[in-house]
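Undergrad: Handing over work18.cif, mmCIF, C-alpha atoms and all ligand atoms.
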data_input
loop_
_atom_site.label_atom_id
_atom_site.label_comp_id
_atom_site.auth_asym_id
_atom_site.auth_seq_id
_atom_site.Cartn_x
_atom_site.Cartn_y
_atom_site.Cartn_z
CA MET M 1 36.29 67.08 2.49
CA SER M 2 32.52 67.52 2.32
CA SER M 3 31.00 70.17 4.58
CA MET M 4 28.76 69.13 7.44
CA PRO M 5 25.13 68.83 6.42
CA VAL M 6 22.68 71.14 8.14
CA MET M 7 19.78 68.89 8.97
CA SER M 8 16.19 69.71 9.64
CA GLY M 9 13.84 67.42 11.56
CA ARG M 10 12.41 66.24 8.26
CA ASP M 11 15.81 64.88 7.24
CA VAL M 12 16.06 62.63 10.30
CA PRO M 13 14.52 59.24 9.46
CA GLU M 14 11.77 57.93 11.70
CA ARG M 15 13.07 54.46 12.45
CA ILE M 16 16.78 54.30 13.18
CA THR M 17 18.50 51.12 14.30
CA VAL M 18 21.99 51.37 15.78
CA LEU M 19 24.43 48.56 16.63
CA SER M 20 26.43 49.40 19.75
CA GLY M 21 29.28 48.44 22.01
CA GLY M 22 29.89 50.43 25.19
CA VAL M 23 31.53 53.83 25.32
CA GLY M 24 31.95 54.48 21.57
CA GLY M 25 28.39 53.39 20.84
CA ALA M 26 26.94 55.31 23.78
CA ARG M 27 28.65 58.56 22.78
CA PHE M 28 27.42 58.16 19.21
CA LEU M 29 23.88 57.56 20.48
CA GLN M 30 24.11 60.65 22.66
CA GLY M 31 25.00 62.58 19.50
CA LEU M 32 22.02 61.07 17.69
CA LEU M 33 19.60 62.09 20.43
CA HIS M 34 21.21 65.53 20.54
CA LEU M 35 20.72 65.86 16.78
CA ALA M 36 17.06 64.90 17.20
CA ARG M 37 16.58 67.60 19.86
CA ARG M 38 18.47 70.14 17.74
CA THR M 39 16.28 69.52 14.72
CA GLY M 40 12.98 68.92 16.51
CA ALA M 41 12.81 65.35 15.22
CA SER M 42 11.54 62.45 17.29
CA PRO M 43 12.94 59.28 15.70
CA GLU M 44 12.23 55.86 17.14
CA VAL M 45 15.73 54.60 17.92
CA THR M 46 16.41 50.91 18.52
CA VAL M 47 19.81 49.88 19.83
CA VAL M 48 21.18 46.38 19.36
CA ALA M 49 23.91 46.14 21.99
CA ASN M 50 26.84 43.79 22.34
CA THR M 51 26.56 41.33 25.22
CA ALA M 52 29.74 39.33 24.61
CA ASP M 53 31.61 41.40 27.25
CA ASP M 54 29.17 40.12 29.85
CA TRP M 55 30.40 38.05 32.73
CA TRP M 56 29.49 36.63 36.07
CA LEU M 57 31.15 38.09 39.15
CA HIS M 58 30.31 37.25 42.77
CA GLY M 59 27.28 35.39 41.44
CA LEU M 60 26.03 38.48 39.60
CA LYS M 61 25.44 38.95 35.90
CA VAL M 62 27.33 42.03 34.71
CA CYS M 63 26.55 43.53 31.27
CA PRO M 64 29.08 46.31 30.68
CA ASP M 65 27.95 47.49 27.24
CA LEU M 66 24.21 47.45 27.99
CA ASP M 67 24.84 49.37 31.20
CA THR M 68 27.17 51.90 29.58
CA VAL M 69 24.47 52.72 27.02
CA MET M 70 21.71 52.77 29.66
CA TYR M 71 23.63 54.93 32.16
CA THR M 72 24.99 57.29 29.48
CA LEU M 73 21.65 57.99 27.85
CA GLY M 74 19.83 57.93 31.21
CA ASP M 75 22.23 60.54 32.64
CA GLY M 76 23.60 58.24 35.33
CA ILE M 77 27.08 57.67 33.88
CA ASP M 78 30.34 58.76 35.45
CA VAL M 79 31.37 61.02 32.59
CA GLU M 80 35.07 61.17 33.49
CA ARG M 81 35.48 57.42 33.71
CA GLY M 82 33.12 56.72 30.80
CA TRP M 83 31.55 53.73 32.55
CA GLY M 84 29.79 52.98 35.81
CA ARG M 85 27.68 55.25 37.99
CA ARG M 86 28.25 58.86 38.86
CA ASP M 87 28.94 59.63 42.56
CA GLU M 88 29.99 56.03 43.02
CA THR M 89 31.38 54.61 46.26
CA TRP M 90 33.32 51.36 46.61
CA ASN M 91 32.48 50.03 50.07
CA ALA M 92 31.35 46.59 48.90
CA ARG M 93 34.52 46.12 46.84
CA ASP M 94 36.70 47.11 49.79
CA GLU M 95 34.78 44.81 52.14
CA MET M 96 35.26 41.94 49.68
CA ALA M 97 38.98 42.70 49.55
CA ALA M 98 39.10 42.66 53.37
CA TYR M 99 37.84 39.09 53.16
CA GLY M 100 40.58 38.39 50.64
CA VAL M 101 38.03 37.79 47.91
CA GLY M 102 39.03 39.09 44.48
CA PRO M 103 39.51 39.77 41.73
CA ALA M 104 41.33 42.86 42.98
CA TRP M 105 41.46 44.27 39.46
CA PHE M 106 37.71 44.44 38.94
CA GLY M 107 35.48 46.32 41.33
CA LEU M 108 31.74 46.80 41.18
CA GLY M 109 30.68 50.11 42.67
CA ASP M 110 27.98 50.22 45.35
CA ARG M 111 25.42 52.00 43.17
CA ASP M 112 26.23 49.83 40.19
CA LEU M 113 25.80 46.72 42.35
CA ALA M 114 22.09 47.43 42.65
CA THR M 115 21.70 47.13 38.88
CA HIS M 116 23.46 43.74 38.87
CA LEU M 117 21.43 42.53 41.84
CA VAL M 118 18.14 43.45 40.19
CA ARG M 119 19.26 41.93 36.89
CA THR M 120 20.43 38.68 38.45
CA GLN M 121 17.30 38.35 40.55
CA MET M 122 15.13 38.69 37.45
CA LEU M 123 17.27 36.24 35.47
CA ASP M 124 17.00 33.77 38.36
CA ALA M 125 13.23 34.22 38.25
CA GLY M 126 13.28 33.13 34.61
CA TYR M 127 13.11 36.38 32.69
CA PRO M 128 15.28 36.61 29.57
CA LEU M 129 17.97 39.31 29.43
CA SER M 130 15.90 41.32 26.93
CA ALA M 131 12.98 41.55 29.39
CA VAL M 132 15.36 42.39 32.24
CA THR M 133 16.95 45.15 30.16
CA GLU M 134 13.53 46.59 29.38
CA ALA M 135 12.71 46.59 33.10
CA LEU M 136 15.98 48.32 34.03
CA CYS M 137 15.35 50.91 31.31
CA ARG M 138 11.98 51.77 32.85
CA ARG M 139 13.99 53.49 35.54
CA TRP M 140 16.64 55.06 33.32
CA GLN M 141 14.45 56.17 30.39
CA PRO M 142 17.34 56.22 27.92
CA GLY M 143 15.15 57.54 25.10
CA VAL M 144 15.91 54.52 22.91
CA ARG M 145 14.67 50.93 22.82
CA LEU M 146 17.65 49.00 24.15
CA LEU M 147 17.94 45.38 23.03
CA PRO M 148 20.69 42.90 23.90
CA MET M 149 21.98 41.25 20.70
CA THR M 150 20.98 37.89 22.20
CA ASP M 151 19.36 36.46 25.32
CA ASP M 152 21.88 33.60 25.24
CA ARG M 153 25.11 33.48 27.19
CA VAL M 154 28.02 34.58 25.01
CA GLU M 155 31.44 35.45 26.44
CA THR M 156 34.44 36.65 24.52
CA HIS M 157 37.72 35.11 25.62
CA VAL M 158 41.15 36.20 24.49
CA VAL M 159 44.07 33.80 24.14
CA ILE M 160 47.07 35.42 25.83
CA ASP M 161 50.56 34.63 27.07
CA ASP M 162 49.86 34.74 30.78
CA PRO M 163 52.52 36.99 32.32
CA ASP M 164 52.27 35.14 35.67
CA SER M 165 52.59 31.55 34.53
CA GLY M 166 54.24 32.17 31.17
CA GLU M 167 51.65 29.83 29.70
CA ARG M 168 49.29 30.44 26.85
CA ARG M 169 45.69 30.43 28.01
CA ALA M 170 42.27 31.85 27.22
CA VAL M 171 41.04 34.47 29.66
CA HIS M 172 37.76 36.35 29.76
CA PHE M 173 37.83 39.56 27.74
CA GLN M 174 37.48 41.55 30.99
CA GLU M 175 40.70 40.01 32.31
CA TYR M 176 42.54 40.87 29.08
CA TRP M 177 41.24 44.43 29.10
CA VAL M 178 40.72 45.46 32.72
CA ARG M 179 43.52 43.44 34.32
CA HIS M 180 46.10 43.41 31.53
CA HIS M 181 45.06 46.65 29.74
CA ALA M 182 45.43 44.80 26.41
CA GLU M 183 49.20 45.04 26.93
CA VAL M 184 50.00 41.31 26.92
CA PRO M 185 50.58 39.38 23.67
CA ALA M 186 47.25 38.08 22.33
CA HIS M 187 46.84 35.27 19.83
CA GLY M 188 43.16 34.72 19.34
CA VAL M 189 39.67 36.01 20.09
CA VAL M 190 37.15 33.31 20.97
CA PRO M 191 33.51 34.37 21.38
CA ILE M 192 32.30 31.37 23.40
CA GLY M 193 28.66 30.51 22.77
CA LEU M 194 28.26 32.90 19.85
CA GLU M 195 27.71 30.23 17.18
CA ASP M 196 24.90 28.68 19.20
CA SER M 197 23.19 31.94 20.09
CA SER M 198 20.14 33.44 18.46
CA PRO M 199 19.08 37.07 18.10
CA ALA M 200 17.05 38.47 20.99
CA PRO M 201 13.35 39.18 20.34
CA GLY M 202 12.95 42.33 18.23
CA VAL M 203 16.49 42.38 16.85
CA LEU M 204 15.82 41.01 13.36
CA ASP M 205 12.65 43.10 13.01
CA ALA M 206 14.59 46.20 14.02
CA LEU M 207 17.02 45.56 11.16
CA ALA M 208 14.42 44.59 8.56
CA GLY M 209 12.03 47.42 9.46
CA ALA M 210 14.49 50.29 9.86
CA ASP M 211 14.68 53.36 7.62
CA VAL M 212 18.40 53.44 8.26
CA VAL M 213 20.91 51.29 10.15
CA LEU M 214 23.94 52.99 11.70
CA VAL M 215 27.14 51.31 12.86
CA PRO M 216 28.95 53.58 15.36
CA PRO M 217 32.75 53.58 15.78
CA SER M 218 32.45 50.71 18.29
CA ASN M 219 35.16 48.07 18.45
CA PRO M 220 35.09 46.11 15.16
CA VAL M 221 36.15 42.85 16.82
CA VAL M 222 34.67 42.56 20.31
CA SER M 223 31.64 44.88 19.92
CA ILE M 224 30.39 45.01 16.31
CA GLY M 225 32.18 41.78 15.36
CA THR M 226 30.34 39.80 18.02
CA ILE M 227 26.98 41.41 17.18
CA LEU M 228 27.46 40.43 13.52
CA GLY M 229 28.41 36.94 14.68
CA VAL M 230 25.00 36.15 16.16
CA PRO M 231 23.64 33.64 13.63
CA GLY M 232 21.15 35.34 11.31
CA LEU M 233 22.08 38.86 12.27
CA ARG M 234 24.65 39.51 9.57
CA GLU M 235 22.30 38.04 6.98
CA ALA M 236 19.48 40.31 8.19
CA LEU M 237 21.76 43.31 7.84
CA ALA M 238 22.89 42.23 4.38
CA ALA M 239 19.23 41.89 3.34
CA THR M 240 17.56 44.92 4.94
CA PRO M 241 16.06 47.44 2.50
CA ALA M 242 17.48 50.21 4.72
CA PRO M 243 20.84 51.79 3.91
CA VAL M 244 23.60 50.74 6.31
CA VAL M 245 26.23 53.35 7.16
CA GLY M 246 29.15 52.98 9.56
CA VAL M 247 31.69 55.25 11.22
CA SER M 248 35.37 54.42 11.67
CA GLY M 249 36.73 54.04 15.19
CA ILE M 250 40.21 54.06 13.68
CA ILE M 251 41.61 57.50 12.93
CA GLY M 252 44.99 57.49 11.23
CA GLU M 253 46.76 54.35 12.36
CA ASP M 254 45.21 53.83 15.77
CA HIS M 255 41.96 53.58 17.69
CA VAL M 256 40.75 56.67 19.49
CA ARG M 257 40.65 54.72 22.78
CA GLY M 258 40.37 51.12 23.86
CA MET M 259 42.06 48.13 22.28
CA ALA M 260 40.83 47.91 18.69
CA ARG M 261 44.36 48.18 17.26
CA GLN M 262 45.56 45.17 19.24
CA LEU M 263 42.53 43.01 18.45
CA LEU M 264 42.40 43.89 14.74
CA GLY M 265 46.00 42.67 14.63
CA VAL M 266 44.99 39.42 16.30
CA VAL M 267 42.23 38.74 13.74
CA GLY M 268 44.43 39.81 10.82
CA VAL M 269 42.63 42.99 9.77
CA GLU M 270 44.57 46.04 8.60
CA VAL M 271 44.46 48.75 11.28
CA SER M 272 43.04 51.59 9.21
CA ALA M 273 39.66 53.17 8.49
CA ALA M 274 39.62 51.48 5.06
CA GLY M 275 40.80 48.15 6.45
CA VAL M 276 37.91 47.98 8.91
CA ALA M 277 35.33 48.93 6.26
CA GLU M 278 36.66 46.26 3.89
CA HIS M 279 36.52 43.78 6.75
CA TYR M 280 32.79 44.53 7.23
CA GLY M 281 32.48 44.39 3.46
CA PRO M 282 30.22 46.07 0.89
CA ARG M 283 26.64 44.86 0.73
CA GLY M 284 25.98 42.56 -2.17
CA ARG M 285 29.53 41.22 -2.01
CA THR M 286 31.61 39.45 0.59
CA GLY M 287 33.85 41.11 3.15
CA SER M 288 37.57 40.38 3.48
CA ASP M 289 36.77 37.43 5.77
CA GLY M 290 34.45 35.87 3.19
CA ALA M 291 31.17 36.62 5.01
CA PRO M 292 28.33 38.62 3.40
CA GLY M 293 29.15 42.34 3.37
CA VAL M 294 27.05 44.72 5.45
CA LEU M 295 27.99 48.29 4.49
CA ASP M 296 26.64 50.77 1.96
CA GLY M 297 28.49 53.76 3.35
CA TRP M 298 31.41 54.55 5.65
CA LEU M 299 32.70 57.71 7.26
CA VAL M 300 36.43 58.17 7.70
CA ASP M 301 38.16 61.05 9.43
CA THR M 302 39.50 63.96 7.40
CA VAL M 303 43.06 62.72 8.04
CA ASP M 304 42.09 59.51 6.21
CA GLU M 305 40.69 61.23 3.12
CA LYS M 306 42.78 59.01 0.86
CA ALA M 307 40.69 56.01 1.98
CA VAL M 308 37.61 57.44 0.20
CA GLU M 309 38.77 56.50 -3.28
CA ARG M 310 40.01 53.08 -2.18
CA LEU M 311 36.63 52.32 -0.61
CA ARG M 312 34.70 53.53 -3.62
CA SER M 313 36.60 50.96 -5.71
CA ALA M 314 35.71 48.37 -3.08
CA GLY M 315 32.00 49.19 -3.48
CA ILE M 316 31.51 51.29 -0.33
CA ALA M 317 30.49 54.96 -0.57
CA ALA M 318 32.80 56.87 1.76
CA ARG M 319 33.17 60.43 2.97
CA ALA M 320 35.81 62.16 5.05
CA VAL M 321 34.49 64.28 7.93
CA PRO M 322 35.76 65.03 11.46
CA LEU M 323 35.19 61.88 13.53
CA TRP M 324 36.14 63.06 17.03
CA MET M 325 33.16 62.80 19.36
CA THR M 326 34.45 65.60 21.57
CA ASP M 327 31.09 67.05 22.63
CA ASP M 328 27.39 66.68 21.87
CA ASP M 329 27.41 69.17 19.00
CA ALA M 330 30.45 67.66 17.27
CA THR M 331 28.96 64.19 17.70
CA ALA M 332 25.57 65.33 16.40
CA ASP M 333 27.35 66.73 13.32
CA LEU M 334 29.01 63.36 12.82
CA VAL M 335 25.65 61.56 13.11
CA ALA M 336 24.12 64.07 10.67
CA ALA M 337 26.90 63.26 8.20
CA SER M 338 26.16 59.54 8.54
CA LEU M 339 22.42 60.12 7.94
CA ASP M 340 23.25 62.33 4.99
CA LEU M 341 25.40 59.61 3.46
CA ALA M 342 22.64 57.08 4.17
CA ALA M 343 20.13 59.27 2.30
CA GLU M 344 22.55 59.49 -0.61
CA VAL M 345 23.23 55.75 -0.88
CA GLY M 346 19.53 55.04 -0.24
CA ARG M 347 18.56 56.98 -3.36
CA ARG M 348 20.79 54.90 -5.60
P1 LIG W 401 33.57 49.78 24.57
O1 LIG W 401 32.63 48.60 24.51
O2 LIG W 401 33.40 50.59 25.81
O3 LIG W 401 34.98 49.43 24.26
O4 LIG W 401 33.07 50.77 23.44
P2 LIG W 401 32.75 50.56 21.92
O5 LIG W 401 33.13 49.22 21.42
O6 LIG W 401 31.34 51.01 21.68
O7 LIG W 401 33.66 51.66 21.28
C1 LIG W 401 35.06 51.61 21.37
C2 LIG W 401 35.64 52.19 20.11
O8 LIG W 401 35.16 53.52 19.92
C3 LIG W 401 37.16 52.25 20.14
O9 LIG W 401 37.68 51.38 19.16
C4 LIG W 401 37.48 53.72 19.85
O10 LIG W 401 38.52 53.87 18.93
C5 LIG W 401 36.18 54.28 19.30
N1 LIG W 401 36.02 55.66 19.70
C6 LIG W 401 35.98 56.14 20.96
N2 LIG W 401 35.86 57.49 20.94
C7 LIG W 401 35.81 57.86 19.63
C8 LIG W 401 35.71 59.14 18.93
O11 LIG W 401 35.63 60.21 19.54
N3 LIG W 401 35.69 59.08 17.57
C9 LIG W 401 35.77 57.91 16.87
N4 LIG W 401 35.74 57.95 15.54
N5 LIG W 401 35.90 56.71 17.50
C10 LIG W 401 35.92 56.69 18.84
CA CA W 402 32.52 46.60 25.43
#
With the file now loaded, output its structure as structure tokens.
Ligand code: GDP
Ligand code: CA
TA:
Amino acid sequence: MSSMPVMSGRDVPERITVLSGGVGGARFLQGLLHLARRTGASPEVTVVANTADDWWLHGLKVCPDLDTVMYTLGDGIDVERGWGRRDETWNARDEMAAYGVGPAWFGLGDRDLATHLVRTQMLDAGYPLSAVTEALCRRWQPGVRLLPMTDDRVETHVVIDDPDSGERRAVHFQEYWVRHHAEVPAHGVVPIGLEDSSPAPGVLDALAGADVVLVPPSNPVVSIGTILGVPGLREALAATPAPVVGVSGIIGEDHVRGMARQLLGVVGVEVSAAGVAEHYGPRGRTGSDGAPGVLDGWLVDTVDEKAVERLRSAGIAARAVPLWMTDDDATADLVAASLDLAAEVGRR
């Protein structure tokens, strides 16, 4: 195992672009900003966030991953829950339920509702999601430039055996995850609209113009997988002059939290740190699904040290370091290790 690098502000690159899902991405970003404070660096961080979890509820556009990043970095998140607003109340949800209007399994908190109302109002007025996100961030000041991966409507659906009807049907990702807790048999992941989407303004430039691109331990299928599926985005990542380094969200034989294990199984990817890296693929070659590879470097947890050699043979520089994002300092150390590996592969 390599020891954690001690970084100075000079070692932190100026332009850092990070792909992100919700909780895993947000925690990683918190660690990055903590590292910047710790070292006195002031990098310009651009976040390309997944929007394929988005959905419409009660006529409102809900963007779970954008909001998790915005609330987490803007200090508005409910830390215990990991999503939604702190000091939340649920009066609107309960009033809806009193009218018999569901879904009972998905509630929007009262504070959170304001975000969705403002967002939907702006979308109705004709603003693209990227402009709406910028406007919402003027309040939250997350300390990063937060970009949706696309302004187009993309919604991940999961094909499940419906426990109520016994029939096989496609449900929105939120229904699979929030209602069924990823505990029902799943047979396919269908990102509706993804093929016809295009990157939001600023996304391709943020990849081409970065000093380093980081891929946090976000879900490889429904967070990073959908981001990479926006036409042109994977190609931009494969072509950027910046080193691209990722972090495994799989430690040992399981995800840390969430439903990555289940969904990797559905798309036929080995549930291991090495399996996910090979799925993303080494740059200059193709990944295990035949698409252009996107990784130069990959961090695995110390328990997965044996993956390092396997990945080196596959053309990906790997290191084993502690990957648990338990607090800001541990997470900042993890980010420092990813920047250190990026500097190393960037010199080659
Ligand atoms: P979501 O959109 O809220 O599901 O969040 P992301 O897609 O950004 O991240 C979810 C992934 O982060 C899951 O697959 C987890 O295994 C991974 N994850 C969460 N916490 C940790 C951690 O402390 N360490 C590592 N290595 N991965 C983590
Ligand atoms: Ca998500």
Undergrad: Using only C-alpha atoms, which residues sit within 12 Å of M:Asp340 once same-chain residues fewer than 3 positions away are excluded, as an NGL selection string?
TA: :M and (2-8 or 10-13 or 212 or 214 or 243-246 or 297-299 or 317-319 or 321 or 333-337 or 343-347)
Undergrad: Pick the closest to M:Ala236 from M:Trp324, M:Gly258, M:Pro199, M:Ile251: which is it, counting only C-alpha atoms?
TA: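 Ranked by minimum distance to M:Ala236, first place goes to M:Pro199.
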Undergrad: So which residues touch M:Asp65 within 6 Å, counting all atoms listed in the file, skipping near sequence neighbours fewer than 2 positions away, as an NGL selection string?
TA: :M and (21-22 or 63 or 67-68)
Undergrad: Mind giving me the straight-line distance from atom CA of M:Gly193 to atom CA of M:Val154 in Å, one decimal?
TA: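 Answer for the atom CA of M:Gly193 to atom CA of M:Val154 separation: 4.7 Å.
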Undergrad: Please identify every polymer residue within 8 Å of ligand CA 402 (chain W), using all atoms listed in the file, and present the set as an mmCIF file with C-alpha atoms, in the frame of the given file.
TA:
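Result saved to result24.cif:
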data_model
loop_
_atom_site.group_PDB
_atom_site.id
_atom_site.type_symbol
_atom_site.label_atom_id
_atom_site.label_comp_id
_atom_site.auth_asym_id
_atom_site.auth_seq_id
_atom_site.Cartn_x
_atom_site.Cartn_y
_atom_site.Cartn_z
ATOM 1 C CA GLY M 21 29.280 48.440 22.010
ATOM 2 C CA GLY M 22 29.890 50.430 25.190
ATOM 3 C CA VAL M 23 31.530 53.830 25.320
ATOM 4 C CA ASN M 50 26.840 43.790 22.340
ATOM 5 C CA THR M 51 26.560 41.330 25.220
ATOM 6 C CA ALA M 52 29.740 39.330 24.610
ATOM 7 C CA ASP M 53 31.610 41.400 27.250
ATOM 8 C CA PRO M 64 29.080 46.310 30.680
ATOM 9 C CA ASP M 65 27.950 47.490 27.240
ATOM 10 C CA ASN M 219 35.160 48.070 18.450
ATOM 11 C CA VAL M 222 34.670 42.560 20.310
ATOM 12 C CA SER M 223 31.640 44.880 19.920
#
Undergrad: Neighbouring residues of M:Val303 were defined as those with any atom within 7 Å, considering only C-alpha atoms; residues of the same chain fewer than 2 positions away were excluded. Please report them as a ChimeraX atom specification.
TA: /M:252,301,305
Undergrad: Determine, counting all atoms listed in the file, which protein, DNA and RNA residues have an atom within 10 Å of an atom of M:Leu60; residues of the same chain fewer than 5 positions away are not included. Present the result as a list in words.
TA: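 The neighbour list is Trp55, Leu113, Thr115, His116, Leu117, Val118, Arg119, Thr120, Gln121 and Leu123 of chain M.
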Undergrad: In terms of the shortest atom-to-atom distance over all atoms listed in the file, which of M:Arg283, M:Arg169, M:Arg93, M:His255 is closest to ligand LIG 401 (chain W)?
TA: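 Smallest separation from ligand LIG 401 (chain W) among the options: M:His255.
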Undergrad: Between M:Val132, M:Ala114, M:Ile160, M:Met325, which is the closest to ligand LIG 401 (chain W) once you count all atoms listed in the file?
TA: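 Closest residue, counting all atoms listed in the file: M:Met325.
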Undergrad: Name the residues in contact with stretch 149-153 of chain M at a cut-off of 9 Å, using only C-alpha atoms, excluding same-chain residues fewer than 3 positions from it; report them as a list in words.
TA: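 That gives Leu19, Val47, Val48, Ala49, Asn50, Thr51, Ala52, Asp54, Trp55, Pro128, Leu129, Ser130, Ile192, Gly193, Leu194, Asp196, Ser197, Ser198, Pro199, Ala200, Pro201, Val203, Thr226, Ile227, Val230 and Leu233 of chain M.
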Undergrad: Let me make sure I understand: among M:His181, M:Arg38, M:Arg145, M:Arg234, which one has the smallest atom-to-atom distance to ligand LIG 401 (chain W) if we use all atoms listed in the file?
TA: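 Counting all atoms listed in the file, the residue closest to ligand LIG 401 (chain W) is M:His181.
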Undergrad: Under the rule that all atoms listed in the file are counted, which of M:Val69, M:Ala239, M:Val62, M:Val300 is the nearest residue to M:Glu253?
TA: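 Looking at the shortest contact to M:Glu253, the residue is M:Val300.
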Undergrad: Expressed in Å to a single decimal, how great is the separation between atom CA of M:Asp112 and atom CA of M:Met96?
TA: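 For atom CA of M:Asp112 relative to atom CA of M:Met96, the distance reads 15.3 Å.
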Undergrad: Pick from M:Gly284, M:Gly143, M:Gly290, M:Ser20: nearest to ligand LIG 401 (chain W), with only C-alpha atoms and all ligand atoms counted?
TA: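 So, comparing all the options, the nearest one is M:Ser20.
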Undergrad: Please, what distance in Å, to one decimal, runs between atom CA of M:Trp140 and atom CA of M:Ala260?
TA: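 About the pair atom CA of M:Trp140 and atom CA of M:Ala260: they are 29.2 Å apart.
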Undergrad: Please put the answer as AutoDock Vina command-line options: centre and edge lengths, in Å with one decimal, of a box along x, y and z that encloses all listed atoms of ligand LIG 401 (chain W) plus 6 Å on each side.
TA:
--center_x 34.9 --center_y 54.4 --center_z 20.7 --size_x 19.2 --size_y 23.6 --size_z 22.3
Undergrad: List as an MDAnalysis selection string: which residues have an atom within 10 Å of (10.2, 57.7, 18.9), counting all atoms listed in the file?
TA: chainID M and resid 14:16 41:46 143:145
Undergrad: Taking the block just given, write stretch 213-231 of chain M to a file that holds N, CA and C atoms, as a JSON list (two decimals), in the first residue's frame.
TA:
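Okay, this is what ended up in result.json:
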[["chain", "number", "residue", "atom", "x", "y", "z"],
["M", 213, "VAL", "N", -9.23, 15.28, -14.60],
["M", 213, "VAL", "CA", -10.63, 14.87, -14.49],
["M", 213, "VAL", "C", -10.71, 13.75, -13.46],
["M", 214, "LEU", "N", -11.61, 13.91, -12.49],
["M", 214, "LEU", "CA", -11.77, 12.90, -11.44],
["M", 214, "LEU", "C", -13.14, 12.24, -11.55],
["M", 215, "VAL", "N", -13.15, 10.94, -11.34],
["M", 215, "VAL", "CA", -14.40, 10.17, -11.35],
["M", 215, "VAL", "C", -14.59, 9.61, -9.94],
["M", 216, "PRO", "N", -15.48, 10.20, -9.15],
["M", 216, "PRO", "CA", -15.69, 9.75, -7.77],
["M", 216, "PRO", "C", -16.29, 8.34, -7.73],
["M", 217, "PRO", "N", -16.46, 7.78, -6.52],
["M", 217, "PRO", "CA", -17.00, 6.42, -6.43],
["M", 217, "PRO", "C", -18.51, 6.34, -6.70],
["M", 218, "SER", "N", -19.04, 7.24, -7.48],
["M", 218, "SER", "CA", -20.47, 7.24, -7.80],
["M", 218, "SER", "C", -20.88, 5.98, -8.53],
["M", 219, "ASN", "N", -22.17, 5.72, -8.53],
["M", 219, "ASN", "CA", -22.68, 4.47, -9.12],
["M", 219, "ASN", "C", -22.25, 4.33, -10.58],
["M", 220, "PRO", "N", -21.57, 3.21, -10.90],
["M", 220, "PRO", "CA", -21.02, 3.04, -12.27],
["M", 220, "PRO", "C", -22.10, 2.86, -13.34],
["M", 221, "VAL", "N", -23.31, 2.51, -12.94],
["M", 221, "VAL", "CA", -24.36, 2.25, -13.93],
["M", 221, "VAL", "C", -25.28, 3.46, -14.06],
["M", 222, "VAL", "N", -25.92, 3.85, -12.96],
["M", 222, "VAL", "CA", -26.96, 4.88, -13.05],
["M", 222, "VAL", "C", -26.48, 6.30, -12.73],
["M", 223, "SER", "N", -25.20, 6.46, -12.37],
["M", 223, "SER", "CA", -24.66, 7.82, -12.20],
["M", 223, "SER", "C", -23.59, 8.07, -13.27],
["M", 224, "ILE", "N", -22.43, 7.43, -13.13],
["M", 224, "ILE", "CA", -21.34, 7.64, -14.10],
["M", 224, "ILE", "C", -21.71, 7.04, -15.46],
["M", 225, "GLY", "N", -22.35, 5.87, -15.43],
["M", 225, "GLY", "CA", -22.73, 5.21, -16.69],
["M", 225, "GLY", "C", -23.62, 6.10, -17.55],
["M", 226, "THR", "N", -24.58, 6.76, -16.93],
["M", 226, "THR", "CA", -25.47, 7.63, -17.72],
["M", 226, "THR", "C", -24.74, 8.88, -18.19],
["M", 227, "ILE", "N", -23.86, 9.44, -17.34],
["M", 227, "ILE", "CA", -23.08, 10.61, -17.77],
["M", 227, "ILE", "C", -22.27, 10.25, -19.02],
["M", 228, "LEU", "N", -21.59, 9.10, -18.95],
["M", 228, "LEU", "CA", -20.75, 8.68, -20.09],
["M", 228, "LEU", "C", -21.60, 8.36, -21.32],
["M", 229, "GLY", "N", -22.89, 8.12, -21.11],
["M", 229, "GLY", "CA", -23.77, 7.76, -22.22],
["M", 229, "GLY", "C", -24.32, 8.96, -22.99],
["M", 230, "VAL", "N", -24.10, 10.17, -22.48],
["M", 230, "VAL", "CA", -24.52, 11.35, -23.25],
["M", 230, "VAL", "C", -23.65, 11.42, -24.51],
["M", 231, "PRO", "N", -24.25, 11.38, -25.69],
["M", 231, "PRO", "CA", -23.44, 11.32, -26.91],
["M", 231, "PRO", "C", -22.38, 12.42, -26.95]]
